[in-house]
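Trainee: As input, take structure_8.cif (mmCIF, C-alpha atoms):
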data_entry
#
loop_
_atom_site.group_PDB
_atom_site.id
_atom_site.type_symbol
_atom_site.label_atom_id
_atom_site.label_comp_id
_atom_site.auth_asym_id
_atom_site.auth_seq_id
_atom_site.Cartn_x
_atom_site.Cartn_y
_atom_site.Cartn_z
ATOM 1 C CA MET A 1 17.781 -26.972 33.025
ATOM 2 C CA PRO A 2 21.035 -28.176 31.358
ATOM 3 C CA ARG A 3 22.794 -25.744 29.030
ATOM 4 C CA ASN A 4 22.208 -27.993 26.002
ATOM 5 C CA ALA A 5 18.483 -28.019 26.760
ATOM 6 C CA ASN A 6 18.468 -24.203 26.872
ATOM 7 C CA VAL A 7 20.199 -24.093 23.503
ATOM 8 C CA ALA A 8 17.686 -26.566 22.062
ATOM 9 C CA VAL A 9 14.746 -24.480 23.313
ATOM 10 C CA ALA A 10 16.311 -21.304 21.889
ATOM 11 C CA GLU A 11 16.869 -22.982 18.510
ATOM 12 C CA GLU A 12 13.307 -24.304 18.464
ATOM 13 C CA THR A 13 11.967 -20.837 19.264
ATOM 14 C CA THR A 14 14.089 -19.305 16.492
ATOM 15 C CA ILE A 15 12.850 -21.903 13.995
ATOM 16 C CA GLN A 16 9.238 -21.282 15.020
ATOM 17 C CA MET A 17 9.676 -17.508 14.623
ATOM 18 C CA ALA A 18 11.170 -18.058 11.176
ATOM 19 C CA LEU A 19 8.226 -20.252 10.203
ATOM 20 C CA ASP A 20 5.793 -17.590 11.444
ATOM 21 C CA ILE A 21 7.182 -15.009 9.014
ATOM 22 C CA LEU A 22 7.480 -17.195 5.928
ATOM 23 C CA PRO A 23 5.704 -15.636 2.927
ATOM 24 C CA LYS A 24 1.986 -16.354 3.139
ATOM 25 C CA THR A 25 -0.141 -16.923 0.060
ATOM 26 C CA ALA A 26 -2.798 -14.248 0.386
ATOM 27 C CA ALA A 27 -6.166 -13.690 -1.255
ATOM 28 C CA VAL A 28 -8.097 -10.445 -1.462
ATOM 29 C CA GLY A 29 -11.227 -10.620 0.698
ATOM 30 C CA THR A 30 -13.536 -8.058 -0.882
ATOM 31 C CA THR A 31 -16.607 -9.281 1.008
ATOM 32 C CA LYS A 32 -15.024 -8.842 4.428
ATOM 33 C CA LYS A 33 -15.626 -6.318 7.166
ATOM 34 C CA LEU A 34 -12.245 -5.413 8.575
ATOM 35 C CA LYS A 35 -11.915 -4.122 12.143
ATOM 36 C CA VAL A 36 -9.555 -1.141 12.204
ATOM 37 C CA ALA A 37 -8.413 1.013 15.123
ATOM 38 C CA ASN A 38 -9.844 4.539 15.038
ATOM 39 C CA GLU A 39 -6.336 5.944 15.356
ATOM 40 C CA PHE A 40 -5.656 4.540 11.886
ATOM 41 C CA ILE A 41 -8.891 6.029 10.508
ATOM 42 C CA ASN A 42 -7.869 9.457 11.849
ATOM 43 C CA ALA A 43 -4.269 9.202 10.639
ATOM 44 C CA GLN A 44 -2.597 11.781 8.403
ATOM 45 C CA PHE A 45 -1.571 10.460 4.993
ATOM 46 C CA ARG A 46 -1.860 11.220 1.313
ATOM 47 C CA LEU A 47 -2.688 8.445 -1.120
ATOM 48 C CA ASP A 48 -4.354 8.599 -4.485
ATOM 49 C CA LEU A 49 -7.390 6.443 -5.215
ATOM 50 C CA LEU A 50 -5.542 3.457 -6.713
ATOM 51 C CA GLU A 51 -2.952 3.452 -3.928
ATOM 52 C CA PHE A 52 -5.668 3.426 -1.278
ATOM 53 C CA ARG A 53 -7.553 0.673 -3.104
ATOM 54 C CA ALA A 54 -4.325 -1.337 -3.195
ATOM 55 C CA TYR A 55 -3.860 -0.963 0.552
ATOM 56 C CA LEU A 56 -7.487 -1.936 1.159
ATOM 57 C CA ALA A 57 -7.091 -5.002 -1.045
ATOM 58 C CA ILE A 58 -3.908 -6.033 0.774
ATOM 59 C CA THR A 59 -5.311 -5.567 4.279
ATOM 60 C CA SER A 60 -8.532 -7.367 3.312
ATOM 61 C CA SER A 61 -6.463 -10.570 3.313
ATOM 62 C CA TYR A 62 -5.913 -10.285 7.084
ATOM 63 C CA ASN A 63 -7.454 -12.959 9.249
ATOM 64 C CA THR A 64 -7.520 -11.477 12.743
ATOM 65 C CA LYS A 65 -7.894 -14.969 14.254
ATOM 66 C CA GLU A 66 -4.287 -15.575 13.255
ATOM 67 C CA LYS A 67 -1.185 -13.890 14.636
ATOM 68 C CA PRO A 68 -0.165 -10.518 13.156
ATOM 69 C CA GLU A 69 3.250 -12.011 12.331
ATOM 70 C CA SER A 70 1.541 -14.252 9.780
ATOM 71 C CA PHE A 71 0.808 -11.176 7.664
ATOM 72 C CA TYR A 72 4.192 -9.461 7.552
ATOM 73 C CA PHE A 73 4.993 -11.254 4.279
ATOM 74 C CA LEU A 74 2.102 -11.655 1.836
ATOM 75 C CA THR A 75 2.273 -13.192 -1.648
ATOM 76 C CA PHE A 76 -0.528 -12.198 -4.032
ATOM 77 C CA LYS A 77 -1.397 -13.333 -7.516
ATOM 78 C CA GLY A 78 -0.658 -10.162 -9.470
ATOM 79 C CA SER A 79 -3.699 -10.385 -11.734
ATOM 80 C CA GLU A 80 -6.087 -10.835 -8.786
ATOM 81 C CA LEU A 81 -4.633 -7.869 -6.931
ATOM 82 C CA ALA A 82 -4.780 -5.742 -10.091
ATOM 83 C CA LYS A 83 -8.431 -6.600 -10.782
ATOM 84 C CA ASN A 84 -9.479 -5.659 -7.264
ATOM 85 C CA ILE A 85 -7.666 -2.332 -7.493
ATOM 86 C CA GLY A 86 -9.390 -1.577 -10.778
ATOM 87 C CA ILE A 87 -6.583 -2.250 -13.267
ATOM 88 C CA GLY A 88 -7.330 -4.189 -16.428
ATOM 89 C CA VAL A 89 -5.132 -7.275 -16.773
ATOM 90 C CA GLU A 90 -4.164 -6.751 -20.407
ATOM 91 C CA ARG A 91 -0.496 -6.472 -21.388
ATOM 92 C CA GLY A 92 1.428 -4.044 -19.187
ATOM 93 C CA TYR A 93 -0.776 -4.437 -16.113
ATOM 94 C CA PHE A 94 2.095 -5.784 -13.988
ATOM 95 C CA HIS A 95 4.139 -2.623 -14.575
ATOM 96 C CA GLU A 96 1.119 -0.547 -13.542
ATOM 97 C CA LEU A 97 0.757 -2.669 -10.415
ATOM 98 C CA GLU A 98 4.479 -2.218 -9.702
ATOM 99 C CA LYS A 99 4.086 1.564 -9.967
ATOM 100 C CA ILE A 100 1.157 1.628 -7.537
ATOM 101 C CA LEU A 101 2.842 -0.640 -4.985
ATOM 102 C CA THR A 102 6.114 1.289 -5.277
ATOM 103 C CA ASN A 103 4.270 4.524 -4.546
ATOM 104 C CA LEU A 104 2.586 2.831 -1.606
ATOM 105 C CA SER A 105 5.984 1.816 -0.247
ATOM 106 C CA GLN A 106 7.095 5.459 -0.372
ATOM 107 C CA ARG A 107 4.018 7.022 1.229
ATOM 108 C CA ILE A 108 4.233 7.943 4.899
ATOM 109 C CA ILE A 109 1.421 7.635 7.418
ATOM 110 C CA LYS A 110 1.457 9.495 10.734
ATOM 111 C CA ILE A 111 -0.747 8.070 13.462
ATOM 112 C CA GLN A 112 -1.286 10.470 16.336
ATOM 113 C CA ILE A 113 -1.729 8.516 19.556
ATOM 114 C CA ARG A 114 -1.726 11.413 22.013
ATOM 115 C CA ASN A 115 -1.637 15.192 21.542
ATOM 116 C CA ASP A 116 0.020 17.414 24.122
ATOM 117 C CA GLU A 117 0.993 21.073 24.361
ATOM 118 C CA ASP A 118 4.429 19.858 25.393
ATOM 119 C CA GLU A 119 5.723 18.369 22.143
ATOM 120 C CA GLU A 120 7.993 15.928 23.979
ATOM 121 C CA LYS A 121 4.941 14.351 25.609
ATOM 122 C CA GLU A 122 3.163 13.741 22.343
ATOM 123 C CA LYS A 123 2.832 10.158 21.157
ATOM 124 C CA TRP A 124 2.787 9.299 17.474
ATOM 125 C CA ILE A 125 4.138 6.788 15.013
ATOM 126 C CA LYS A 126 5.307 7.351 11.436
ATOM 127 C CA GLY A 127 5.827 4.557 8.965
ATOM 128 C CA HIS A 128 5.403 3.416 5.383
ATOM 129 C CA PHE A 129 2.278 1.591 4.267
ATOM 130 C CA VAL A 130 4.423 -1.129 2.692
ATOM 131 C CA SER A 131 8.017 -1.974 3.619
ATOM 132 C CA SER A 132 9.025 -3.660 0.354
ATOM 133 C CA ILE A 133 7.674 -5.403 -2.725
ATOM 134 C CA GLU A 134 9.140 -8.214 -4.806
ATOM 135 C CA ALA A 135 8.133 -9.668 -8.162
ATOM 136 C CA LYS A 136 8.497 -13.448 -7.894
ATOM 137 C CA GLY A 137 8.820 -14.049 -11.647
ATOM 138 C CA ASP A 138 5.740 -16.263 -11.808
ATOM 139 C CA GLY A 139 3.005 -13.639 -11.914
ATOM 140 C CA GLN A 140 3.049 -13.253 -8.147
ATOM 141 C CA VAL A 141 4.121 -10.288 -6.064
ATOM 142 C CA GLU A 142 5.295 -10.400 -2.458
ATOM 143 C CA VAL A 143 4.328 -7.487 -0.246
ATOM 144 C CA VAL A 144 6.081 -6.954 3.080
ATOM 145 C CA MET A 145 4.010 -5.006 5.584
ATOM 146 C CA ASP A 146 5.302 -2.688 8.291
ATOM 147 C CA PRO A 147 5.007 -4.680 11.553
ATOM 148 C CA LYS A 148 4.546 -1.436 13.505
ATOM 149 C CA LEU A 149 1.178 -0.931 11.797
ATOM 150 C CA MET A 150 -0.161 -4.393 12.582
ATOM 151 C CA LYS A 151 -1.452 -3.364 16.017
ATOM 152 C CA TYR A 152 -4.066 -1.165 14.331
ATOM 153 C CA PHE A 153 -5.628 -4.245 12.701
ATOM 154 C CA PHE A 154 -5.180 -7.008 15.292
ATOM 155 C CA ASN A 155 -6.333 -7.584 18.874
ATOM 156 C CA ILE A 156 -8.349 -4.353 18.988
ATOM 157 C CA GLN A 157 -10.656 -4.298 21.979
ATOM 158 C CA ASN A 158 -12.190 -0.817 21.794
ATOM 159 C CA GLN A 159 -12.320 2.362 19.710
ATOM 160 C CA TYR A 160 -12.501 0.657 16.337
ATOM 161 C CA THR A 161 -14.429 0.938 13.087
ATOM 162 C CA PHE A 162 -15.507 -1.796 10.702
ATOM 163 C CA LEU A 163 -14.399 -1.110 7.132
ATOM 164 C CA GLU A 164 -16.604 -2.687 4.471
ATOM 165 C CA ILE A 165 -13.977 -3.524 1.867
ATOM 166 C CA GLN A 166 -16.340 -4.039 -1.061
ATOM 167 C CA THR A 167 -18.094 -0.724 -0.424
ATOM 168 C CA LEU A 168 -14.846 1.212 -0.154
ATOM 169 C CA LEU A 169 -13.393 -0.367 -3.317
ATOM 170 C CA SER A 170 -16.440 0.908 -5.209
ATOM 171 C CA PHE A 171 -15.747 4.570 -4.373
ATOM 172 C CA THR A 172 -14.294 6.708 -7.175
ATOM 173 C CA SER A 173 -12.866 9.482 -4.970
ATOM 174 C CA ILE A 174 -10.199 9.232 -2.286
ATOM 175 C CA TYR A 175 -11.844 12.122 -0.429
ATOM 176 C CA ALA A 176 -15.175 10.294 -0.382
ATOM 177 C CA ILE A 177 -13.460 7.244 1.130
ATOM 178 C CA ARG A 178 -11.766 9.290 3.860
ATOM 179 C CA ILE A 179 -14.930 11.203 4.786
ATOM 180 C CA TYR A 180 -17.032 8.035 4.718
ATOM 181 C CA ASN A 181 -14.620 6.323 7.110
ATOM 182 C CA LEU A 182 -14.595 9.324 9.452
ATOM 183 C CA LEU A 183 -18.394 9.227 9.574
ATOM 184 C CA LYS A 184 -18.436 5.459 10.073
ATOM 185 C CA GLN A 185 -16.639 5.957 13.387
ATOM 186 C CA PHE A 186 -19.900 7.260 14.830
ATOM 187 C CA PRO A 187 -22.651 5.164 13.184
ATOM 188 C CA ASN A 188 -25.270 6.134 15.764
ATOM 189 C CA SER A 189 -24.827 9.857 15.249
ATOM 190 C CA SER A 190 -26.549 11.778 12.475
ATOM 191 C CA LYS A 191 -23.659 14.213 12.092
ATOM 192 C CA ARG A 192 -20.043 14.904 13.014
ATOM 193 C CA VAL A 193 -18.593 18.393 13.348
ATOM 194 C CA PHE A 194 -15.060 19.270 12.216
ATOM 195 C CA LYS A 195 -13.030 22.440 12.152
ATOM 196 C CA LEU A 196 -12.191 23.049 8.504
ATOM 197 C CA ASP A 197 -8.427 23.051 9.103
ATOM 198 C CA GLU A 198 -8.725 19.808 11.066
ATOM 199 C CA LEU A 199 -10.656 18.134 8.254
ATOM 200 C CA ARG A 200 -8.137 19.279 5.646
ATOM 201 C CA GLU A 201 -5.269 17.963 7.741
#
If you convert what's in this file into structure tokens, what do you get?

Mentor:
Amino acid sequence: MPRNANVAVAEETTIQMALDILPKTAAVGTTKKLKVANEFINAQFRLDLLEFRAYLAITSSYNTKEKPESFYFLTFKGSELAKNIGIGVERGYFHELEKILTNLSQRIIKIQIRNDEDEEKEKWIKGHFVSSIEAKGDGQVEVVMDPKLMKYFFNIQNQYTFLEIQTLLSFTSIYAIRIYNLLKQFPNSSKRVFKLDELRE
């Protein structure tokens, strides 16, 4: 292939990649069942109730028939996102939403992929729930997701759990949400046994 043709193909690929990560107008999908990898369900993290609701609302916009790259940049209508989190949309709601999303961008999640007595052989990933947020000045807010976390929501073939977004958004305790999700991993079992320290962790 001539050099100019190679350059043209490279430029076309670069343009296509840029188009793939353009901000996407997103809508909260409260009626959806979202397939999530069990490693994410079992992950170590600390969020309060509103922060977890915000993350649920954001991830409910995922359409797993599309490429994960389409969901790196998501633009939400601020009032819609606030309502689904449980914030009233009277004056000052956008500052409250900013506070919640800022906290979410600072929270760390650790996903343990493999445990091993030899610490160098362990496999895990640490990241932030949200990479950045941006107020667009028109009532919209852009949320940039961590691309490293996308694999726990897309192209999952086994060891997954369906999260019922509407059900989880109705919970009033973060601990209830976490325990419910842990139990949902084994829907055909009447019980699940934990060591107390393990459950706390």

Trainee: Please write the residues picked by the PyMOL selection byres ((chain A and resi 34) around 12) on this file as a VMD selection string.

Mentor: chain A and resid 28 to 33 35 to 37 56 to 65 152 to 154 156 160 to 168

Trainee: As a check of understanding, name the residues that the PyMOL selection byres ((chain A and resi 122-133) around 7) selects in the supplied structure, as a list of chain:residue names.

Mentor: A:Leu104, A:Ser105, A:Gln106, A:Arg107, A:Ile108, A:Ile109, A:Lys110, A:Ile111, A:Gln112, A:Ile113, A:Arg114, A:Asn115, A:Asp116, A:Asp118, A:Glu119, A:Glu120, A:Lys121, A:Glu134, A:Ala135, A:Val141, A:Glu142, A:Val143, A:Val144, A:Met145, A:Asp146

Trainee: (-0.7, -13.2, -9.0) in this file's frame - what residues fall within 9 Å of it? Use only C-alpha atoms and give the answer as a PyMOL selection string.

Mentor: chain A and resi 75-82+138-141

Trainee: Please measure the separation of CA of Glu39 (chain A) and CA of Asn181 (chain A), giving the value in Å to one decimal.

Mentor: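 Interatomic distance, CA of Glu39 (chain A) to CA of Asn181 (chain A): 11.7 Å.
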
Trainee: Apply the PyMOL selection byres ((chain A and resi 52) around 10) to the displayed file and report the matching residues as a list of chain:residue names.

Mentor: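 When the PyMOL selection byres ((chain A and resi 52) around 10) is applied, the selected residues are A:Arg46, A:Leu47, A:Asp48, A:Leu49, A:Leu50, A:Glu51, A:Arg53, A:Ala54, A:Tyr55, A:Leu56, A:Ala57, A:Ile58, A:Ile85, A:Ile100, A:Leu104, A:Phe129, A:Leu168, A:Leu169, A:Ile174, A:Ile177, A:Arg178.
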
Trainee: By how many Å are CA of Glu117 (chain A) and CA of Lys195 (chain A) apart?

Mentor: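 CA of Lys195 (chain A) lies 18.6 Å from CA of Glu117 (chain A).
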
Trainee: Mind giving me the straight-line distance from CA of Ala176 (chain A) to CA of Met150 (chain A) in Å, one decimal?

Mentor: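 Atom-to-atom, CA of Ala176 (chain A) and CA of Met150 (chain A) are spaced 24.7 Å apart.
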
Trainee: Which one of A:Gln157, A:Arg91, A:Leu182, A:Asn188 sits closest to Ala43 (chain A) if you count all atoms listed in the file?

Mentor: A:Leu182

Trainee: Which of these residues is nearest to Glu69 (chain A), using all atoms listed in the file: A:Tyr175, A:Lys151, A:Gln185, A:Val193?

Mentor: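 The shortest atom-to-atom distance to Glu69 (chain A) comes from A:Lys151.
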
Trainee: Give the answer as one residue: which of A:Asn103, A:Ala26, A:Asn38, A:Gly88 has the shortest atom-to-atom distance to Ser70 (chain A), using all atoms listed in the file?

Mentor: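 Going through A:Asn103, A:Ala26, A:Asn38, A:Gly88 one by one, the smallest distance to Ser70 (chain A) is for A:Ala26.
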
Trainee: With only C-alpha atoms as the basis for distance, which of A:Phe186, A:Leu199, A:Asn84, A:Glu66 is at the shortest distance from Ser170 (chain A)?

Mentor: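 Smallest distance to Ser170 (chain A) is found for A:Asn84.
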
Trainee: Using all atoms of region 54-65 of chain A listed in the file and a margin of 3 Å per side, can you give the axis-aligned box centre and edge lengths in Å to one decimal, as lines of an AutoDock Vina configuration file?

Mentor:
center_x = -6.2
center_y = -8.0
center_z = 5.5
size_x = 10.7
size_y = 20.0
size_z = 23.4
